[in-house]
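Visitor: File name work38.txt; file contents compact mmCIF, C-alpha atoms; full text below.
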```
# COMPACT_ATOMS: atom_id res chain seq x y z
CA MET A 554 -162.83 5.05 12.56
CA GLU A 555 -165.54 7.27 11.03
CA GLU A 556 -162.98 9.97 10.15
CA LEU A 557 -160.87 7.55 8.11
CA PHE A 558 -163.94 6.23 6.31
CA HIS A 559 -164.95 9.76 5.27
CA HIS A 560 -161.38 10.60 4.26
CA ILE A 561 -161.11 7.54 1.99
CA GLN A 562 -164.52 8.39 0.49
CA ARG A 563 -163.16 11.78 -0.61
CA TYR A 564 -160.80 10.05 -3.05
CA ILE A 565 -162.35 6.71 -4.00
CA SER A 566 -165.77 5.11 -3.96
CA ILE A 567 -166.00 2.73 -1.02
CA SER A 568 -168.98 1.21 0.81
CA ARG A 569 -169.37 0.96 4.57
CA GLU A 570 -169.24 -2.85 4.23
CA GLU A 571 -165.88 -2.64 2.48
CA PHE A 572 -164.59 -0.24 5.10
CA LEU A 573 -165.61 -2.59 7.93
CA GLU A 574 -163.12 -5.09 6.49
CA ILE A 575 -160.41 -2.43 6.23
CA GLU A 576 -160.49 -1.15 9.79
CA HIS A 577 -159.15 -4.43 11.20
CA TYR A 578 -155.75 -3.65 9.71
CA PHE A 579 -155.28 -0.62 11.96
CA ASP A 580 -154.13 -0.22 15.57
CA VAL A 581 -155.55 2.57 17.72
CA ILE A 582 -152.81 4.57 19.47
CA LYS A 583 -153.50 7.18 22.18
CA LEU A 584 -150.86 9.79 22.95
CA SER A 585 -150.85 12.37 25.73
CA LYS A 586 -149.46 15.83 25.07
CA LYS A 587 -145.62 15.67 24.64
CA ASP A 588 -145.63 11.86 24.25
CA HIS A 589 -143.51 10.46 21.46
CA LEU A 590 -144.93 7.83 19.12
CA GLN A 591 -141.84 5.67 19.65
CA GLN A 592 -142.76 5.26 23.34
CA TYR A 593 -145.59 3.00 22.08
CA LYS A 594 -144.68 1.78 18.61
CA ASN A 595 -141.68 1.49 16.30
CA SER A 596 -142.27 4.73 14.41
CA SER A 597 -140.24 3.57 11.36
CA GLU A 598 -142.70 0.74 10.78
CA TYR A 599 -145.92 2.72 10.96
CA LEU A 600 -148.00 4.88 8.69
CA PHE A 601 -150.47 6.79 10.81
CA PHE A 602 -153.64 8.78 10.42
CA VAL A 603 -154.57 11.46 12.95
CA VAL A 604 -158.18 11.06 14.16
CA SER A 605 -157.89 13.85 16.73
CA GLY A 606 -155.15 16.07 18.12
CA CYS A 607 -151.98 17.40 16.59
CA LEU A 608 -148.48 15.99 16.02
CA HIS A 609 -145.20 17.24 14.71
CA MET A 610 -142.37 15.43 12.96
CA TYR A 611 -138.89 16.70 13.80
CA PHE A 612 -135.22 15.86 13.73
CA ILE A 613 -132.43 16.87 16.10
CA ASN A 614 -129.96 19.18 14.39
CA GLU A 615 -126.20 19.48 14.98
CA LYS A 616 -126.72 22.08 17.71
CA GLY A 617 -128.95 19.58 19.55
CA ASP A 618 -132.13 21.56 18.83
CA ASN A 619 -135.39 20.05 17.61
CA GLN A 620 -136.16 21.14 14.05
CA THR A 621 -139.79 20.58 12.98
CA VAL A 622 -140.38 19.58 9.35
CA GLN A 623 -144.09 18.69 9.32
CA PHE A 624 -147.32 18.99 11.28
CA ALA A 625 -150.39 16.74 11.18
CA ILE A 626 -153.86 17.50 12.52
CA GLU A 627 -157.17 15.62 12.11
CA ASN A 628 -157.47 13.77 8.78
CA TRP A 629 -153.75 14.01 7.98
CA TRP A 630 -151.48 11.05 7.35
CA MET A 631 -147.93 11.17 8.65
CA ASN A 632 -144.80 9.04 8.68
CA ASP A 633 -141.30 8.88 7.20
CA PRO A 634 -142.19 7.36 3.81
CA LEU A 635 -138.58 6.40 2.97
CA SER A 636 -137.91 4.53 6.20
CA PHE A 637 -141.33 2.86 5.89
CA TYR A 638 -140.60 1.80 2.31
CA HIS A 639 -137.01 0.63 2.83
CA SER A 640 -137.59 -0.74 6.37
CA HIS A 641 -134.79 1.50 7.68
CA LYS A 642 -134.70 3.31 11.00
CA THR A 643 -136.17 6.79 10.62
CA GLU A 644 -134.13 9.93 11.40
CA PHE A 645 -137.33 11.68 12.53
CA TYR A 646 -139.28 11.82 15.79
CA PHE A 647 -143.07 12.08 16.07
CA GLN A 648 -144.40 13.95 19.09
CA ALA A 649 -147.91 14.90 20.23
CA ILE A 650 -148.43 18.69 20.53
CA GLU A 651 -151.89 17.93 21.96
CA GLY A 652 -153.41 14.69 23.23
CA CYS A 653 -153.96 12.54 20.10
CA THR A 654 -155.90 9.56 18.87
CA ILE A 655 -154.10 7.95 15.95
CA LEU A 656 -154.77 5.00 13.68
CA GLY A 657 -151.55 3.21 12.80
CA ILE A 658 -150.92 0.61 10.12
CA THR A 659 -147.70 -1.38 9.72
CA LYS A 660 -146.13 -1.95 6.29
CA GLN A 661 -147.02 -5.63 6.57
CA ASN A 662 -150.67 -4.81 7.32
CA GLN A 663 -150.75 -2.19 4.57
CA GLU A 664 -149.57 -4.85 2.10
CA LYS A 665 -152.30 -7.23 3.33
CA LEU A 666 -154.89 -4.46 3.05
CA LEU A 667 -153.79 -3.57 -0.50
CA ALA A 668 -153.89 -7.25 -1.52
CA PHE A 669 -157.35 -7.59 0.04
CA ASN A 670 -158.71 -4.40 -1.55
CA PRO A 671 -156.53 -3.07 -4.42
CA LYS A 672 -158.82 0.00 -4.79
CA ILE A 673 -156.95 1.42 -1.79
CA GLU A 674 -153.83 1.75 -3.99
CA ARG A 675 -155.63 4.60 -5.75
CA TYR A 676 -156.37 6.32 -2.45
CA PHE A 677 -152.73 6.21 -1.34
CA ARG A 678 -151.40 7.05 -4.82
CA THR A 679 -153.56 10.19 -4.87
CA LEU A 680 -152.49 11.23 -1.35
CA TYR A 681 -148.78 10.76 -2.08
CA GLN A 682 -149.12 12.58 -5.41
CA ILE A 683 -150.64 15.59 -3.63
CA ALA A 684 -148.12 15.42 -0.78
CA TYR A 685 -145.17 15.28 -3.19
CA GLY A 686 -146.60 18.15 -5.26
CA ALA A 687 -147.07 20.24 -2.11
CA ALA A 688 -143.47 19.48 -1.05
CA LEU A 689 -142.18 20.85 -4.39
CA TYR A 690 -144.13 24.10 -3.85
CA ARG A 691 -142.81 24.19 -0.29
CA ILE A 692 -139.21 23.96 -1.57
CA LYS A 693 -140.06 26.72 -4.10
CA TYR A 694 -141.38 28.79 -1.20
CA ILE A 695 -138.31 28.21 1.00
CA TYR A 696 -136.12 29.54 -1.85
CA GLU A 697 -138.41 32.37 -2.87
CA ALA A 698 -139.94 33.98 0.19
CA SER A 699 -138.44 36.40 2.67
CA LYS A 700 -138.45 35.36 6.34
CA ALA A 701 -141.42 37.59 7.16
CA GLU A 702 -143.36 36.37 4.10
CA ARG A 703 -142.84 32.76 5.20
CA TYR A 704 -144.49 33.46 8.54
CA PHE A 705 -147.44 35.53 7.31
CA HIS A 706 -148.06 33.13 4.41
CA PHE A 707 -148.27 30.22 6.87
CA VAL A 708 -150.68 32.08 9.16
CA GLN A 709 -152.87 33.13 6.23
CA TYR A 710 -153.02 29.81 4.39
CA TYR A 711 -152.99 27.39 7.32
CA PRO A 712 -155.14 29.10 9.98
CA GLU A 713 -156.25 25.70 11.33
CA PHE A 714 -152.60 25.00 12.19
CA ALA A 715 -151.57 28.55 13.17
CA GLN A 716 -154.34 28.84 15.78
CA ARG A 717 -153.40 25.78 17.79
CA ILE A 718 -149.67 25.24 17.34
CA PRO A 719 -147.27 27.05 19.70
CA GLN A 720 -145.37 29.89 18.02
CA TYR A 721 -141.94 28.38 18.70
CA LEU A 722 -142.89 25.25 16.72
CA ILE A 723 -144.23 27.31 13.81
CA ALA A 724 -140.95 29.27 13.86
CA SER A 725 -138.99 25.99 13.79
CA TYR A 726 -141.08 24.61 10.89
CA LEU A 727 -140.36 27.79 8.90
CA GLY A 728 -136.62 27.78 9.72
CA LEU A 729 -136.94 31.00 11.80
CA SER A 730 -135.94 31.80 15.38
CA PRO A 731 -138.76 32.22 17.96
CA GLU A 732 -137.34 35.71 18.74
CA TYR A 733 -137.69 36.73 15.09
CA VAL A 734 -141.32 35.53 14.98
CA SER A 735 -142.13 37.46 18.19
CA GLU A 736 -140.54 40.56 16.69
CA ILE A 737 -142.48 40.51 13.38
CA ARG A 738 -145.75 39.67 15.16
CA SER A 739 -145.38 42.65 17.55
CA LYS A 740 -144.45 44.94 14.62
CA LYS A 741 -147.58 43.80 12.75
CA LEU A 742 -149.77 44.43 15.81
CA SER A 743 -148.29 47.84 16.62
CA MET B 1262 -140.34 2.24 -24.78
CA GLU B 1263 -138.03 -0.47 -23.44
CA GLU B 1264 -136.77 1.83 -20.64
CA LEU B 1265 -140.29 2.40 -19.30
CA PHE B 1266 -141.06 -1.33 -19.44
CA HIS B 1267 -137.97 -2.12 -17.34
CA HIS B 1268 -138.75 0.71 -14.92
CA ILE B 1269 -142.30 -0.54 -14.31
CA GLN B 1270 -140.95 -4.08 -13.85
CA ARG B 1271 -138.77 -2.85 -10.97
CA TYR B 1272 -141.90 -2.13 -8.92
CA ILE B 1273 -144.67 -4.44 -10.14
CA SER B 1274 -144.95 -7.68 -12.04
CA ILE B 1275 -145.96 -6.97 -15.63
CA SER B 1276 -145.70 -9.02 -18.83
CA ARG B 1277 -144.51 -7.73 -22.19
CA GLU B 1278 -148.03 -8.36 -23.56
CA GLU B 1279 -149.54 -6.14 -20.87
CA PHE B 1280 -146.96 -3.46 -21.54
CA LEU B 1281 -147.74 -3.46 -25.29
CA GLU B 1282 -151.24 -2.31 -24.36
CA ILE B 1283 -149.88 0.39 -22.06
CA GLU B 1284 -147.51 2.10 -24.47
CA HIS B 1285 -150.36 3.41 -26.62
CA TYR B 1286 -151.30 5.87 -23.88
CA PHE B 1287 -148.01 7.76 -24.23
CA ASP B 1288 -146.82 10.44 -26.67
CA VAL B 1289 -143.15 10.56 -27.68
CA ILE B 1290 -141.70 14.07 -27.31
CA LYS B 1291 -138.25 15.08 -28.62
CA LEU B 1292 -136.55 18.15 -27.19
CA SER B 1293 -133.32 19.80 -28.35
CA LYS B 1294 -130.95 21.29 -25.77
CA LYS B 1295 -132.48 24.44 -24.20
CA ASP B 1296 -135.98 23.68 -25.57
CA HIS B 1297 -138.88 24.08 -23.16
CA LEU B 1298 -141.52 21.39 -22.89
CA GLN B 1299 -144.25 24.03 -23.23
CA GLN B 1300 -143.06 24.78 -26.79
CA TYR B 1301 -144.56 21.38 -27.71
CA LYS B 1302 -147.12 20.44 -25.07
CA ASN B 1303 -149.15 22.01 -22.27
CA SER B 1304 -146.73 21.16 -19.46
CA SER B 1305 -149.46 21.41 -16.76
CA GLU B 1306 -151.35 18.55 -18.38
CA TYR B 1307 -148.49 16.10 -18.72
CA LEU B 1308 -146.67 13.58 -16.60
CA PHE B 1309 -143.45 12.65 -18.34
CA PHE B 1310 -140.80 9.99 -18.22
CA VAL B 1311 -137.27 10.69 -19.42
CA VAL B 1312 -136.03 7.99 -21.83
CA SER B 1313 -132.78 9.82 -22.62
CA GLY B 1314 -131.25 13.21 -21.86
CA CYS B 1315 -131.64 15.53 -18.92
CA LEU B 1316 -134.23 18.14 -17.90
CA HIS B 1317 -134.62 20.64 -15.12
CA MET B 1318 -137.76 22.09 -13.53
CA TYR B 1319 -137.49 25.73 -12.47
CA PHE B 1320 -139.46 28.83 -11.54
CA ILE B 1321 -138.67 32.48 -12.11
CA ASN B 1322 -138.02 34.26 -8.82
CA GLU B 1323 -138.79 37.86 -7.90
CA LYS B 1324 -135.41 39.04 -9.18
CA GLY B 1325 -136.26 37.51 -12.57
CA ASP B 1326 -133.71 34.69 -12.19
CA ASN B 1327 -134.39 31.03 -12.95
CA GLN B 1328 -134.39 28.94 -9.78
CA THR B 1329 -134.04 25.18 -10.38
CA VAL B 1330 -135.99 22.87 -8.01
CA GLN B 1331 -135.56 19.47 -9.64
CA PHE B 1332 -133.57 17.52 -12.23
CA ALA B 1333 -134.59 14.44 -14.20
CA ILE B 1334 -132.34 12.07 -16.14
CA GLU B 1335 -133.04 8.68 -17.76
CA ASN B 1336 -135.70 6.66 -15.92
CA TRP B 1337 -136.99 9.62 -13.89
CA TRP B 1338 -140.55 10.88 -13.93
CA MET B 1339 -141.17 14.61 -13.74
CA ASN B 1340 -144.05 17.05 -13.64
CA ASP B 1341 -145.84 19.45 -11.31
CA PRO B 1342 -148.06 16.93 -9.47
CA LEU B 1343 -150.35 19.59 -7.98
CA SER B 1344 -151.13 21.33 -11.27
CA PHE B 1345 -151.59 17.92 -12.92
CA TYR B 1346 -153.97 16.82 -10.17
CA HIS B 1347 -156.00 20.03 -9.91
CA SER B 1348 -155.83 20.87 -13.65
CA HIS B 1349 -154.31 24.28 -12.78
CA LYS B 1350 -151.63 26.11 -14.70
CA THR B 1351 -148.21 25.18 -13.33
CA GLU B 1352 -145.84 27.81 -11.89
CA PHE B 1353 -142.86 25.76 -13.12
CA TYR B 1354 -140.99 25.52 -16.43
CA PHE B 1355 -139.42 22.34 -17.82
CA GLN B 1356 -136.31 22.79 -19.95
CA ALA B 1357 -133.92 20.35 -21.65
CA ILE B 1358 -130.33 20.62 -20.39
CA GLU B 1359 -129.38 18.07 -23.08
CA GLY B 1360 -131.30 16.79 -26.10
CA CYS B 1361 -134.07 14.58 -24.66
CA THR B 1362 -136.49 11.86 -25.63
CA ILE B 1363 -139.49 11.90 -23.32
CA LEU B 1364 -142.65 9.83 -22.99
CA GLY B 1365 -145.58 12.01 -21.97
CA ILE B 1366 -149.00 10.98 -20.68
CA THR B 1367 -151.93 13.32 -20.14
CA LYS B 1368 -154.12 13.11 -17.04
CA GLN B 1369 -156.98 11.86 -19.21
CA ASN B 1370 -154.82 9.11 -20.69
CA GLN B 1371 -153.41 8.22 -17.27
CA GLU B 1372 -156.98 7.74 -16.01
CA LYS B 1373 -157.76 5.51 -19.01
CA LEU B 1374 -154.56 3.54 -18.43
CA LEU B 1375 -155.34 3.06 -14.71
CA ALA B 1376 -158.90 1.95 -15.54
CA PHE B 1377 -157.53 -0.47 -18.16
CA ASN B 1378 -154.82 -1.87 -15.89
CA PRO B 1379 -155.33 -1.01 -12.17
CA LYS B 1380 -152.00 -2.71 -11.27
CA ILE B 1381 -150.33 0.48 -12.50
CA GLU B 1382 -151.81 2.32 -9.46
CA ARG B 1383 -149.33 0.39 -7.34
CA TYR B 1384 -146.43 1.48 -9.57
CA PHE B 1385 -147.34 5.16 -9.30
CA ARG B 1386 -148.21 4.91 -5.60
CA THR B 1387 -144.77 3.49 -4.88
CA LEU B 1388 -143.00 6.16 -6.98
CA TYR B 1389 -144.88 9.03 -5.32
CA GLN B 1390 -144.30 7.53 -1.86
CA ILE B 1391 -140.53 7.44 -2.51
CA ALA B 1392 -140.55 10.92 -4.09
CA TYR B 1393 -142.46 12.43 -1.16
CA GLY B 1394 -140.17 10.69 1.34
CA ALA B 1395 -137.09 12.01 -0.49
CA ALA B 1396 -138.59 15.54 -0.49
CA LEU B 1397 -138.93 15.40 3.33
CA TYR B 1398 -135.26 14.42 3.67
CA ARG B 1399 -134.39 17.19 1.20
CA ILE B 1400 -136.20 19.75 3.40
CA LYS B 1401 -134.36 18.31 6.42
CA TYR B 1402 -131.12 18.75 4.50
CA ILE B 1403 -131.88 22.35 3.47
CA TYR B 1404 -132.39 23.21 7.16
CA GLU B 1405 -129.51 21.17 8.48
CA ALA B 1406 -126.55 21.41 6.14
CA SER B 1407 -124.04 24.21 5.68
CA LYS B 1408 -123.70 25.66 2.18
CA ALA B 1409 -120.49 23.75 1.48
CA GLU B 1410 -121.99 20.49 2.82
CA ARG B 1411 -124.97 20.88 0.47
CA TYR B 1412 -122.67 21.03 -2.54
CA PHE B 1413 -120.31 18.19 -1.60
CA HIS B 1414 -123.22 15.99 -0.49
CA PHE B 1415 -124.88 16.44 -3.90
CA VAL B 1416 -121.68 15.62 -5.79
CA GLN B 1417 -121.05 12.56 -3.62
CA TYR B 1418 -124.56 11.09 -3.63
CA TYR B 1419 -125.70 12.04 -7.13
CA PRO B 1420 -122.57 11.61 -9.30
CA GLU B 1421 -124.74 10.69 -12.32
CA PHE B 1422 -126.25 14.20 -12.09
CA ALA B 1423 -123.12 16.09 -10.98
CA GLN B 1424 -121.05 14.84 -13.94
CA ARG B 1425 -123.37 16.10 -16.67
CA ILE B 1426 -125.23 19.10 -15.25
CA PRO B 1427 -123.62 22.57 -15.58
CA GLN B 1428 -122.30 23.94 -12.26
CA TYR B 1429 -124.54 27.04 -12.35
CA LEU B 1430 -127.65 24.81 -12.42
CA ILE B 1431 -126.38 22.64 -9.56
CA ALA B 1432 -125.71 25.88 -7.61
CA SER B 1433 -129.28 27.08 -8.35
CA TYR B 1434 -130.79 23.73 -7.26
CA LEU B 1435 -128.88 23.96 -3.97
CA GLY B 1436 -129.85 27.61 -3.38
CA LEU B 1437 -126.20 28.74 -3.76
CA SER B 1438 -124.59 31.34 -6.03
CA PRO B 1439 -122.44 30.07 -8.94
CA GLU B 1440 -119.56 32.19 -7.56
CA TYR B 1441 -119.77 30.42 -4.19
CA VAL B 1442 -119.69 26.99 -5.87
CA SER B 1443 -116.62 27.99 -7.95
CA GLU B 1444 -114.91 29.20 -4.79
CA ILE B 1445 -115.47 26.02 -2.72
CA ARG B 1446 -114.54 23.79 -5.67
CA SER B 1447 -111.23 25.61 -6.20
CA LYS B 1448 -110.48 25.50 -2.44
CA LYS B 1449 -111.12 21.72 -2.46
CA LEU B 1450 -108.83 21.23 -5.46
CA SER B 1451 -106.02 23.42 -4.12
```
Would you mind writing the file's structure down as structure tokens?
Guide:
Amino acid sequence: MEELFHHIQRYISISREEFLEIEHYFDVIKLSKKDHLQQYKNSSEYLFFVVSGCLHMYFINEKGDNQTVQFAIENWWMNDPLSFYHSHKTEFYFQAIEGCTILGITKQNQEKLLAFNPKIERYFRTLYQIAYGAALYRIKYIYEASKAERYFHFVQYYPEFAQRIPQYLIASYLGLSPEYVSEIRSKKLS
Amino acid sequence: MEELFHHIQRYISISREEFLEIEHYFDVIKLSKKDHLQQYKNSSEYLFFVVSGCLHMYFINEKGDNQTVQFAIENWWMNDPLSFYHSHKTEFYFQAIEGCTILGITKQNQEKLLAFNPKIERYFRTLYQIAYGAALYRIKYIYEASKAERYFHFVQYYPEFAQRIPQYLIASYLGLSPEYVSEIRSKKLS
């Protein structure tokens, strides 16, 4: 749980003693590569924090293809915030790209945790504020950038993702075909 | 300030006496139609709540055109959360589509307010959680829907926006040309 402790400390002041009380609210979930979170837990009910490994969040489009909308590596939170909030079934799937260790908290446990230590509201408020702000810039970028710019921007600004995530998933996340990504990469190298 | 009081009450329990202490942290800003927020305030430094009227948030794309990314009507919050958080200059503009009355709070005043009444963290955490969740579904929708579906989905699910916002701004928000929107509307009517 050391990773979560350090992550919370980045945003709020919290002692190790306080954290020891917090960690009881979380479940540890282990996923093998290609496992889906919903094989182990109801993914609509969980908010999860990646301790190690890498996940993607995707939906199945009308053609029956998986379309990735988000990645999470170490120290990233992930879930479907609307389904979590409204207690609805999520339209997204959560799959391990690598073997993962995840900490998961249910809505009920999150409420208990926030009642027990209201300082944690500030931590989550700050994370959601940043995540929402980043989503607005992402929408700006989807409208603004050419297909090639989208790819090279991702590789430049998110090297920690680009180095470990298969190209076809990066292509999906950017709304590009894997063939197109292969083509612009080989042009760049030639 | 009655609108803000009722909005906060939707998410947390707050008395009128508590709210009377909160309202001092806000500035009242009046905008005429077509005014930009930055004519009156530094828009990077403000988080604002629309009491009446309608605003849009846009950027200027490489062609020099305004590209709308968000609308706000009564009881909606709006700003650039990343520039607000990092104290950077925003890349977005905020313009009144109708005459507006807005309550604005600076980051400094928001911090004072949250220190004075930490319950408000929960209010903002909940709002950002919902906004981020909605942004993920919006990205899903951008990838998934056909151009015509985007338009008719917006009109169906956001009638309170569709009825008062000019068609060319709805087209911009959806990443469509105004000509395309005119065409599919006239086909639907014929």
Visitor: CA of Glu555 in chain A and CA of Gln1390 in chain B are how many Å apart?
Guide: 24.8 Å
Visitor: Using all atoms listed in the file, give me every residue within 8 Å of (-144.6, -0.6, -12.1) in file coordinates, as a ChimeraX atom specification.
Guide: /B:1268-1275,1380-1381,1383-1385
Visitor: What residues in chain B lie within 10 Å of chain A, counting all atoms listed in the file, written as an MDAnalysis selection string?
Guide: chainID B and resid 1319:1324 1328:1331 1340:1347 1352:1353 1375 1379:1406 1433:1436
Visitor: Considering all atoms listed in the file, state which residue in the set A:Ser596, A:Glu713, A:Ile575, A:Leu729 is at the smallest distance from Ser699 in chain A.
Guide: A:Leu729
Visitor: Would you mind reading off the distance between CA of Tyr704 in chain A and CA of Ser605 in chain A, one decimal, in Å?
Guide: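 These two atoms are separated by 25.1 Å.
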Visitor: Any idea what's packed within 10 Å of Tyr593 in chain A, counting all atoms listed in the file, ignoring anything in its chain fewer than 4 positions away? Could you give it as a PyMOL selection string?
Guide: chain A and resi 582-584+588-589
Visitor: Please write as an MDAnalysis selection string the list of polymer residues whose atoms come within 6 Å of (-144.5, 11.4, -22.4), counting only C-alpha atoms and keeping to the coordinates of the file.
Guide: chainID B and resid 1287:1289 1309:1310 1363:1366
Visitor: Go ahead and compute the interatomic distance for CA of Ile1358 in chain B and CA of Gly1314 in chain B, in Å to one decimal.
Guide: 7.6 Å
Visitor: Neighbouring residues of Val734 in chain A were defined as those with any atom within 7 Å, considering only C-alpha atoms; residues of the same chain fewer than 4 positions away were excluded. Please report them as a PDB file with C-alpha atoms, in the frame of the given file.
Guide:
```pdb
ATOM      1  CA  ALA A 724    -140.950  29.270  13.860  1.00  0.00           C
ATOM      2  CA  SER A 730    -135.940  31.800  15.380  1.00  0.00           C
ATOM      3  CA  ARG A 738    -145.750  39.670  15.160  1.00  0.00           C
TER       4      ARG A 738
END
```
Visitor: So which one's closest to Glu651 in chain A, A:Ser585, A:Glu556, A:Leu666, A:Met631? Using all atoms listed in the file, please.
Guide: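 Closest residue, counting all atoms listed in the file: A:Ser585.
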